Amino acid sequence: MARVARNLGGLLVASLWLISAQGGGLQEGPSSSIRPGAQPWHEAGTDPAVAPGDDFFAYANGAWLQSTKLPAGRERWNARDETAAKAQVNLDDVFQSLKQTPPGSLGRKVADFRSAYEAAGRAKMATRKALAAEFRSIDRIRSIRALAQHLGATIGTDVDPLGWGVFSSVQPFGLSVEPGLHGEPTQVPYLLQGGLGLGDPAPYLATDAAAEARRAEYRAYLRDLLHLAGFPEAEHRAQAVFDLELALSRCHVSAAASDDLKRASQAWTRATFQRQAPAFPWEVFLQAAGLGSTPRLVVWQPEAIQGTAKLAATLPLDTWRDYWRVHLLDRYGAVLPGGIQARHRTFHGGAKVSEQAQAEAATAQLLPEAVAQLYVERHFRPEWKVWLQRVVVDVDAALLQRVRNQSWMTAPAKAVAEAKLQHFYFGMAYPERWTDHRPLRVRPDDAVGNLRSLETWRLQRLRARIGQPVDAQAWWMPAYQAGAVLIPFLNVDNFAAGLLQPPKFDPTWPEAARYGAIGAIVGHEIIHYIDPIGADFDHEQRLRPWWSAEDKAAWERVTEPLVRQFSSYRPFPDGVVDGQRTKGEDVADLGGLAAAFEAYRARLGPTAKGPEDLRRMDREFFVGYARAWRSVYSEAGLRKQLATDTHAPDRYRVATVRNLDAWYEAFDVKPGHRLYLEPGARIRIW
């Protein structure tokens, strides 16, 4: 498995609006102390009519379930959706705040980019004049060497084979610079396929009616771009460009076939390039791409690279020039005047979105690190990050001890697992170092120029990473997103600030509750470093499967009881949880919860003022866990999750508390309660 990207996230459809962080402003909460006369935190918001031992999800989330209804058109609303909605409100606030940013500041640079983008469609300059320099460059493509130079100079920077699994560029060739998979100490350049306006070969090659309709729509779009830009014979030229892309699609590799880590071992030297596609002037291409001194590149899809080079050498240059013209119009279409912007929106979506909303979304997408830095400055406090980093240390220490104590793994595998738990990076909220945007030139009145500047800056930064030491603390997502990403081959997690909001993380909650909420999620993710997801990569970031056949057999044996437990959950008479499909996530939930409980007890247990105080904190811990997974579903939404998702519905994820002895003691769960398990039936894997 190359990557696992996830946005971390009921049964009763129970008026939205959002339940805010208690008290509104996010202030660092007290410990677990209770003010005289106040209702204890672990009782506030619960449903006293539900016994915790019968339905802990409904008990802990009672008030929220009663006040929350599905938004129109949604099949599910859960904690992940809450954090995403809050993150969007915060992001809107960031853009609103840009009105007060001083000249020369990062905020002013973002504000100028946004302003230029928003005003671009109202510009009076003709499209051909706005892109005059680019069109002149295209007009000079009069030989195969000139075409190779243009292909190199415009190489894409939008691919990411090992992180998010982006295997095709908008340009015919895409460049990524990432760590290698064989323990390389420095970063490696990867060359990937691209150049398809429809993104994937399937829409070009499929024979069904929907694919044919999409092709017709695309050909009309290409024609309209050429016509609006003033090029004659637009219909004929658009068809020729489409036929070029059709030929490209026939040599492309599908996303499914591209998602194969063996492709990371296909390093080509100069001699290899020339041998594989001798008719193409590779030296010209590599020099133009700034890769002239790079001795080797990993060629992710050799079939596509060979095929593209062959087409470059054989198709008419007139067609290639029109290809570049129309793709230039598409690439800058969102900020071009003369009707092109409107046509671009109707084809790519967003036609009904206001210019302001379009500009802000584009700014966040195109300047993600800059916008993230502004987001964090306004909406995430440094002391929260410090606390969260401490939780990672505490949970990892507890999990490391649990791994040492378990007996089902072989000694060699256990040794690697222990090493991995001591060699990882868990990024919390935002990067340890922010990107320096000072070299990026931005003007408030030149959207096209800003995009040019951004492309050049990105390519320069990308090329500068080649041969540099691997940075394990590099971030893979912008901090304003309400999401998280796991990069298994690096033993890296990023939890973005946008995700670290109520109910996943709430600094106003008692500390024990925070361990139950975010601590259990941290434990879940760390477990993936050492379970089947991480079993192909060792602690030195090498592609080296370290689970033996004996370990795999033991995994199936020790997880079978949990599979049976989850397969017994039946939301509908004709609908059950597929415990085999959800097994990996169920095991991580259980182990993460257990490790977080031990971490909380080790950190806060000594502060308890006696057994009853400790019992209260235990209750806070478990209620915090349940609230981090609150959700409501429609019947259709729940049935869809049962049929397709590798995660069990949130109600049953919460029910895994029944496997921890401490939960029984905290809530007086006895035989006769629906969630009760005999002590010998309670499952422990990690």
# chains A, B, ... in the order shown; residues from 1 in each chain; ligands from 1

$ select_by_dssp --residues "stretch 350-513 of chain A" --states "alpha helix (DSSP H)" --output "JSON, numbers by chain"
{"A": [355, 356, 357, 358, 359, 360, 361, 362, 363, 364, 365, 366, 368, 369, 370, 371, 372, 373, 374, 375, 376, 377, 378, 379, 382, 383, 384, 385, 386, 387, 388, 389, 390, 391, 392, 393, 394, 395, 396, 397, 398, 399, 400, 401, 402, 403, 404, 405, 411, 412, 413, 414, 415, 416, 417, 418, 419, 420, 447, 448, 449, 450, 451, 452, 453, 454, 455, 456, 457, 458, 459, 460, 461, 462, 463, 464, 465, 511, 512, 513]}

$ write_last_selection --atoms "C-alpha atoms" --output "mmCIF file, in the first residue's frame"
data_model
loop_
_atom_site.group_PDB
_atom_site.id
_atom_site.type_symbol
_atom_site.label_atom_id
_atom_site.label_comp_id
_atom_site.auth_asym_id
_atom_site.auth_seq_id
_atom_site.Cartn_x
_atom_site.Cartn_y
_atom_site.Cartn_z
ATOM 1 C CA GLU A 355 -16.225 35.655 -7.854
ATOM 2 C CA GLN A 356 -15.167 36.279 -4.257
ATOM 3 C CA ALA A 357 -15.738 32.685 -3.206
ATOM 4 C CA GLN A 358 -13.971 31.433 -6.334
ATOM 5 C CA ALA A 359 -10.993 33.689 -5.648
ATOM 6 C CA GLU A 360 -10.709 32.659 -2.007
ATOM 7 C CA ALA A 361 -10.950 28.959 -2.807
ATOM 8 C CA ALA A 362 -8.313 29.332 -5.521
ATOM 9 C CA THR A 363 -6.019 31.313 -3.223
ATOM 10 C CA ALA A 364 -6.253 28.651 -0.517
ATOM 11 C CA GLN A 365 -5.533 25.951 -3.098
ATOM 12 C CA LEU A 366 -2.679 27.740 -4.873
ATOM 13 C CA PRO A 368 -1.816 26.561 0.731
ATOM 14 C CA GLU A 369 1.149 27.046 3.068
ATOM 15 C CA ALA A 370 0.765 30.832 3.183
ATOM 16 C CA VAL A 371 -2.954 30.629 3.926
ATOM 17 C CA ALA A 372 -2.295 27.901 6.501
ATOM 18 C CA GLN A 373 0.219 30.096 8.329
ATOM 19 C CA LEU A 374 -2.309 32.932 8.528
ATOM 20 C CA TYR A 375 -4.976 30.469 9.684
ATOM 21 C CA VAL A 376 -2.823 29.169 12.509
ATOM 22 C CA GLU A 377 -1.840 32.655 13.653
ATOM 23 C CA ARG A 378 -5.516 33.493 14.177
ATOM 24 C CA HIS A 379 -7.039 30.152 15.144
ATOM 25 C CA PRO A 382 1.087 27.363 20.314
ATOM 26 C CA GLU A 383 0.342 25.939 23.773
ATOM 27 C CA TRP A 384 -2.301 23.653 22.274
ATOM 28 C CA LYS A 385 0.314 22.224 19.942
ATOM 29 C CA VAL A 386 2.672 21.653 22.873
ATOM 30 C CA TRP A 387 -0.052 19.772 24.770
ATOM 31 C CA LEU A 388 -0.923 17.659 21.741
ATOM 32 C CA GLN A 389 2.722 16.756 21.176
ATOM 33 C CA ARG A 390 2.868 15.603 24.785
ATOM 34 C CA VAL A 391 -0.142 13.367 24.172
ATOM 35 C CA VAL A 392 1.662 11.767 21.225
ATOM 36 C CA VAL A 393 4.650 10.990 23.468
ATOM 37 C CA ASP A 394 2.432 9.598 26.223
ATOM 38 C CA VAL A 395 0.297 7.424 23.954
ATOM 39 C CA ASP A 396 3.304 6.121 22.059
ATOM 40 C CA ALA A 397 5.034 5.149 25.331
ATOM 41 C CA ALA A 398 1.951 3.218 26.413
ATOM 42 C CA LEU A 399 1.627 1.511 23.055
ATOM 43 C CA LEU A 400 5.321 0.621 22.977
ATOM 44 C CA GLN A 401 4.936 -1.175 26.285
ATOM 45 C CA ARG A 402 1.833 -2.985 25.054
ATOM 46 C CA VAL A 403 3.701 -4.191 21.973
ATOM 47 C CA ARG A 404 6.534 -5.471 24.143
ATOM 48 C CA ASN A 405 4.039 -7.338 26.304
ATOM 49 C CA ALA A 411 10.648 -11.779 17.898
ATOM 50 C CA PRO A 412 12.066 -10.271 14.657
ATOM 51 C CA ALA A 413 8.766 -8.575 13.821
ATOM 52 C CA LYS A 414 8.372 -7.304 17.362
ATOM 53 C CA ALA A 415 11.857 -5.788 17.169
ATOM 54 C CA VAL A 416 10.948 -3.861 14.012
ATOM 55 C CA ALA A 417 7.622 -2.773 15.514
ATOM 56 C CA GLU A 418 9.411 -1.433 18.579
ATOM 57 C CA ALA A 419 11.923 0.401 16.376
ATOM 58 C CA LYS A 420 9.124 1.951 14.335
ATOM 59 C CA ALA A 447 -3.514 37.486 -11.961
ATOM 60 C CA VAL A 448 -1.894 35.916 -14.996
ATOM 61 C CA GLY A 449 1.516 37.180 -13.938
ATOM 62 C CA ASN A 450 0.927 35.858 -10.421
ATOM 63 C CA LEU A 451 0.209 32.381 -11.776
ATOM 64 C CA ARG A 452 3.343 32.533 -13.912
ATOM 65 C CA SER A 453 5.364 33.601 -10.883
ATOM 66 C CA LEU A 454 3.847 30.842 -8.777
ATOM 67 C CA GLU A 455 4.663 28.147 -11.355
ATOM 68 C CA THR A 456 8.276 29.310 -11.594
ATOM 69 C CA TRP A 457 8.664 29.496 -7.808
ATOM 70 C CA ARG A 458 7.215 26.012 -7.325
ATOM 71 C CA LEU A 459 9.493 24.475 -9.936
ATOM 72 C CA GLN A 460 12.567 26.172 -8.473
ATOM 73 C CA ARG A 461 11.733 24.910 -4.987
ATOM 74 C CA LEU A 462 11.069 21.408 -6.298
ATOM 75 C CA ARG A 463 14.346 21.184 -8.211
ATOM 76 C CA ALA A 464 16.247 22.550 -5.208
ATOM 77 C CA ARG A 465 15.137 19.512 -3.165
ATOM 78 C CA GLU A 511 -7.809 16.933 30.357
ATOM 79 C CA ALA A 512 -8.940 13.340 30.797
ATOM 80 C CA ALA A 513 -11.668 13.873 28.187
#

$ atom_distance --atom1 "atom CA of A:Ala666" --atom2 "atom CA of A:Met617"
8.9 Å

$ residues_around --residues "A:Val253" --least-positions-apart "2" --cutoff "9 Å" --atoms "only C-alpha atoms" --output "ChimeraX atom specification"
/A:167,193,200-201,249-251,255-258,301,303-304

$ atom_distance --atom1 "atom CA of A:Thr294" --atom2 "atom CA of A:Ala313"
23.5 Å

$ closest_residue --among "A:Ala111, A:Ala271, A:Ala309, A:Leu291" --to "A:Leu175" --atoms "only C-alpha atoms"
A:Leu291

$ closest_residue --among "A:Ala130, A:Ala662, A:Leu638, A:Ile533" --to "A:Phe597" --atoms "only C-alpha atoms"
A:Ala662

$ residues_around --residues "A:Ala520" --least-positions-apart "3" --cutoff "9 Å" --atoms "only C-alpha atoms" --output "mmCIF file with C-alpha atoms, in the first residue's frame"
data_model
loop_
_atom_site.group_PDB
_atom_site.id
_atom_site.type_symbol
_atom_site.label_atom_id
_atom_site.label_comp_id
_atom_site.auth_asym_id
_atom_site.auth_seq_id
_atom_site.Cartn_x
_atom_site.Cartn_y
_atom_site.Cartn_z
ATOM 1 C CA VAL A 395 0.297 7.424 23.954
ATOM 2 C CA TYR A 515 -7.005 12.120 26.163
ATOM 3 C CA GLY A 516 -10.109 10.069 25.421
ATOM 4 C CA ALA A 517 -10.957 12.069 22.302
ATOM 5 C CA GLY A 523 -3.121 5.819 19.201
ATOM 6 C CA HIS A 524 -5.211 4.534 16.306
ATOM 7 C CA GLU A 525 -2.910 6.191 13.772
ATOM 8 C CA ASP A 589 -9.620 1.760 17.392
ATOM 9 C CA LEU A 590 -9.329 -0.805 20.162
ATOM 10 C CA GLY A 591 -5.566 -0.555 20.541
ATOM 11 C CA GLY A 592 -5.592 3.227 20.282
ATOM 12 C CA LEU A 593 -8.253 3.545 22.962
ATOM 13 C CA ALA A 594 -6.444 1.174 25.312
ATOM 14 C CA ALA A 595 -3.101 2.948 24.841
ATOM 15 C CA ALA A 596 -4.710 6.376 25.321
ATOM 16 C CA PHE A 597 -6.326 5.183 28.558
ATOM 17 C CA TYR A 625 -13.902 9.269 23.342
#

$ closest_residue --among "A:Phe273, A:Arg443, A:Ala289, A:Pro532" --to "A:Ala553" --atoms "only C-alpha atoms"
A:Pro532

$ closest_residue --among "A:Asp47, A:Asp158, A:Glu620, A:Glu560" --to "A:Arg581" --atoms "only C-alpha atoms"
A:Glu560

$ closest_atom_pairs --of "stretch 555-645 of chain A" --to "stretch 68-83 of chain A" --cutoff "7 Å" --atoms "only C-alpha atoms" --output "JSON lines"
{"residue": "A:Ala628", "atom": "CA", "partner": "A:Ala79", "partner_atom": "CA", "distance": 6.3}
{"residue": "A:Trp629", "atom": "CA", "partner": "A:Ala79", "partner_atom": "CA", "distance": 5.9}
{"residue": "A:Arg630", "atom": "CA", "partner": "A:Ala79", "partner_atom": "CA", "distance": 5.7}
{"residue": "A:Ser631", "atom": "CA", "partner": "A:Asn78", "partner_atom": "CA", "distance": 3.9}
{"residue": "A:Val632", "atom": "CA", "partner": "A:Trp77", "partner_atom": "CA", "distance": 5.4}
{"residue": "A:Tyr633", "atom": "CA", "partner": "A:Arg76", "partner_atom": "CA", "distance": 4.4}
{"residue": "A:Ser634", "atom": "CA", "partner": "A:Glu75", "partner_atom": "CA", "distance": 5.1}
{"residue": "A:Ala636", "atom": "CA", "partner": "A:Glu75", "partner_atom": "CA", "distance": 6.7}
{"residue": "A:Gly637", "atom": "CA", "partner": "A:Glu75", "partner_atom": "CA", "distance": 4.5}

$ closest_residue --among "A:Leu562, A:Ile487, A:Ile518, A:Val284" --to "A:Ala599" --atoms "only C-alpha atoms"
A:Ile518

$ residues_around --residues "A:Pro102" --least-positions-apart "6" --cutoff "12 Å" --atoms "only C-alpha atoms" --output "PDB file with N, CA and C atoms, in the first residue's frame"
ATOM      1  N   ARG A 108      -0.459  40.467   3.248  1.00  0.00           N
ATOM      2  CA  ARG A 108      -0.652  41.343   2.093  1.00  0.00           C
ATOM      3  C   ARG A 108      -0.409  40.580   0.793  1.00  0.00           C
ATOM      4  N   LYS A 109       0.573  39.697   0.796  1.00  0.00           N
ATOM      5  CA  LYS A 109       0.836  38.902  -0.406  1.00  0.00           C
ATOM      6  C   LYS A 109      -0.365  38.022  -0.737  1.00  0.00           C
ATOM      7  N   VAL A 110      -0.947  37.397   0.265  1.00  0.00           N
ATOM      8  CA  VAL A 110      -2.138  36.571   0.048  1.00  0.00           C
ATOM      9  C   VAL A 110      -3.306  37.441  -0.399  1.00  0.00           C
ATOM     10  N   ALA A 111      -3.466  38.617   0.227  1.00  0.00           N
ATOM     11  CA  ALA A 111      -4.559  39.521  -0.137  1.00  0.00           C
ATOM     12  C   ALA A 111      -4.419  39.993  -1.580  1.00  0.00           C
ATOM     13  N   ASP A 112      -3.193  40.325  -1.999  1.00  0.00           N
ATOM     14  CA  ASP A 112      -2.977  40.783  -3.370  1.00  0.00           C
ATOM     15  C   ASP A 112      -3.261  39.666  -4.377  1.00  0.00           C
TER      16      ASP A 112
END

$ atom_distance --atom1 "atom CA of A:His673" --atom2 "atom CA of A:Arg564"
19.1 Å

$ closest_residue --among "A:Ile521, A:Leu106, A:Ile466, A:Ala549" --to "A:Ala626" --atoms "only C-alpha atoms"
A:Ile521

$ residues_around --residues "A:Ala472" --least-positions-apart "6" --cutoff "9 Å" --atoms "only C-alpha atoms" --output "list of chain:residue names"
A:Phe424, A:Tyr425, A:Leu490, A:Asn491, A:Val492
